[in-house]
Amino acid sequence: MGKKQTMRGVFINGVLNENPVFRLVLGVCPILAATTSATNGLGMGVAATFVLLGSNIVISLLRNFIPAKVRIPAYIVVISTFVTVVQMLIQAFVPSLYDALGIFIPLIVVNCIILARAEAFAGKNSVLHSAADGLGMGLGFTLALILIGMVREIIGNGSVFGLDILGPTFQPMLIAIMAPGGFILFGLILGIVNSIVSKIAKRSAGKGVKA
Amino acid sequence: MMEFTLVNFLLFMVNCVLSNNFIFSRYLGCCPFLGVSSKVETAAGMGVAVTFVMALASLITYVVYYYILVPLSLQYLNTISFILVIAALVQFVEMFLKKTVPALYSALGIYLPLITTNCAVLGVTLLNISDQYNMLWSVLNGVFGALGFLLAIVLMAGARERLESSNIPAAFKGFPISLVIAGLMSVAFLGFTGLVK
């Protein structure tokens, strides 16, 4: 296998096989808090991707200099630096998103996905691979957040990305964008994704036996 | 700022523990809530450890923010400094308990390091600042917020222990069914909204 292919593999792994939301179930708090609408999901996803990409690159560059014993505090400092940058950028350029996400922007620091990737991947792999991993994981996270955000927004508000699609006769179920709806709908979506994945796995396993 | 009276104190407690429960209405601390809630004892251990750290973290970050960051006008460094305070605090609490109360340490041992990445802890310290609580209310916010977390995680563990013996579709085992249960509990907690203004 060439290096290019492996990097593509690392990237696709983050989006599909090890999707941080649906397969690893990491970072539940931002998933629930930022998916009250598709737009918020997109905003949180992009912010987390930026932090993930930046921290993966820096941690990978420093992986030979950080002593193993203090690696977690060192990772946290790198991550929170990027989070502060993102927080300031969002506050300056997208104030509406800043108000909508509120405290969950600084809380990207303790998003398990980012620390988990630093620990499991960036601390051991080359810079380019870590960047691919950060982008892949970030994209997987963003796509999942948009999906959940769309479902909640359609049911709770009858719209997608703020565009009214179900017309004025639709009675929105407000609970979908409140806290309970977040838990229940995320649980249901996760169950559906699980059953699809296990069906695909069964089918490919069946094919393997035949071949 | 609220005056410290018994009525305010009780209202604040009900507000933090029930109407504004960290997990069920603010989505803070969901990772340990789902990760460490398979048994009642371990859930209670985690809850107690979080209470301890959250009370101390609220106090120390208050001092750091108002006596170090504000005079130097470095408020934008609050996220970095708070997470470092929490990480150091967790490490310190771990060492302190190991020396002084070994029984408690062995009971809480494995949960202590996990608290650093519990977003409820960083969340409460940031909320204390943004809600402009004074030192006393900050600490109370930490304690009662953590008690709400304790209540939620113990309730959840009780429900999940029962799930062990029930017949759940394969695709819904583990996280999905736990999330649905959390959602139903959250509906119940929604009933407390408006109890306290």
# chains A, B, ... in the order shown; residues from 1 in each chain; ligands from 1
>>> select_by_dssp(residues="stretch 46-204 of chain A", states="helix (DSSP H, G or I)", output="JSON, numbers by chain")
{"A": [46, 47, 48, 49, 50, 51, 52, 53, 54, 55, 56, 57, 58, 59, 60, 61, 68, 69, 70, 71, 72, 73, 74, 75, 76, 77, 78, 79, 80, 81, 82, 83, 84, 85, 86, 87, 88, 89, 90, 91, 92, 93, 95, 96, 97, 98, 99, 100, 101, 102, 103, 104, 106, 107, 108, 109, 110, 112, 113, 114, 115, 116, 117, 118, 119, 120, 121, 122, 127, 128, 129, 130, 131, 132, 133, 134, 135, 136, 137, 138, 139, 140, 141, 142, 143, 144, 145, 146, 147, 148, 149, 150, 151, 152, 153, 154, 155, 156, 157, 174, 175, 176, 177, 179, 180, 181, 182, 183, 184, 185, 186, 187, 188, 189, 190, 191, 192, 193, 194, 195, 196, 197, 198, 199, 200, 201, 202, 203, 204]}
>>> residues_around(residues="B:Thr116", least_positions_apart="6", cutoff="10 Å", atoms="only C-alpha atoms", output="list in words")
Pro73, Ile76 and Val110 of chain A; Val50, Val53, Ile83, Leu84, Val85, Ile86, Ala87, Ala88, Leu89, Val90, Gln91 and Leu122 of chain B
>>> interface_residues(of="chain B", to="chain A", cutoff="6 Å", atoms="only C-alpha atoms", output="VMD selection string")
chain B and resid 25 27 to 28 30 to 31 80 117 119 171 to 172 176 179 to 180 183 186 to 187
>>> closest_residue(among="B:Val17, B:Leu126, B:Ala107, B:Val48", to="A:Gly102", atoms="only C-alpha atoms")
B:Leu126
>>> residues_around(residues="stretch 165-173 of chain A", least_positions_apart="3", cutoff="10 Å", atoms="only C-alpha atoms", output="PyMOL selection string")
chain A and resi 152-162+176-178+181
>>> write_last_selection(atoms="C-alpha atoms", output="PDB file, in the first residue's frame")
ATOM      1  CA  ARG A 152     -34.668  17.779  15.157  1.00  0.00           C
ATOM      2  CA  GLU A 153     -35.262  20.978  13.196  1.00  0.00           C
ATOM      3  CA  ILE A 154     -37.795  19.347  10.838  1.00  0.00           C
ATOM      4  CA  ILE A 155     -39.799  17.825  13.687  1.00  0.00           C
ATOM      5  CA  GLY A 156     -39.443  20.708  16.106  1.00  0.00           C
ATOM      6  CA  ASN A 157     -39.683  23.659  13.754  1.00  0.00           C
ATOM      7  CA  GLY A 158     -40.751  22.354  10.324  1.00  0.00           C
ATOM      8  CA  SER A 159     -37.671  23.804   8.656  1.00  0.00           C
ATOM      9  CA  VAL A 160     -34.184  22.868   7.435  1.00  0.00           C
ATOM     10  CA  PHE A 161     -31.296  25.354   7.761  1.00  0.00           C
ATOM     11  CA  GLY A 162     -33.933  27.942   8.683  1.00  0.00           C
ATOM     12  CA  ALA A 176     -37.830  17.820  19.593  1.00  0.00           C
ATOM     13  CA  ILE A 177     -35.667  20.904  20.007  1.00  0.00           C
ATOM     14  CA  MET A 178     -35.873  20.837  23.795  1.00  0.00           C
ATOM     15  CA  GLY A 181     -36.213  15.409  22.358  1.00  0.00           C
TER      16      GLY A 181
END
>>> atom_distance(atom1="atom CA of B:Asn118", atom2="atom CA of A:Asn13")
26.4 Å
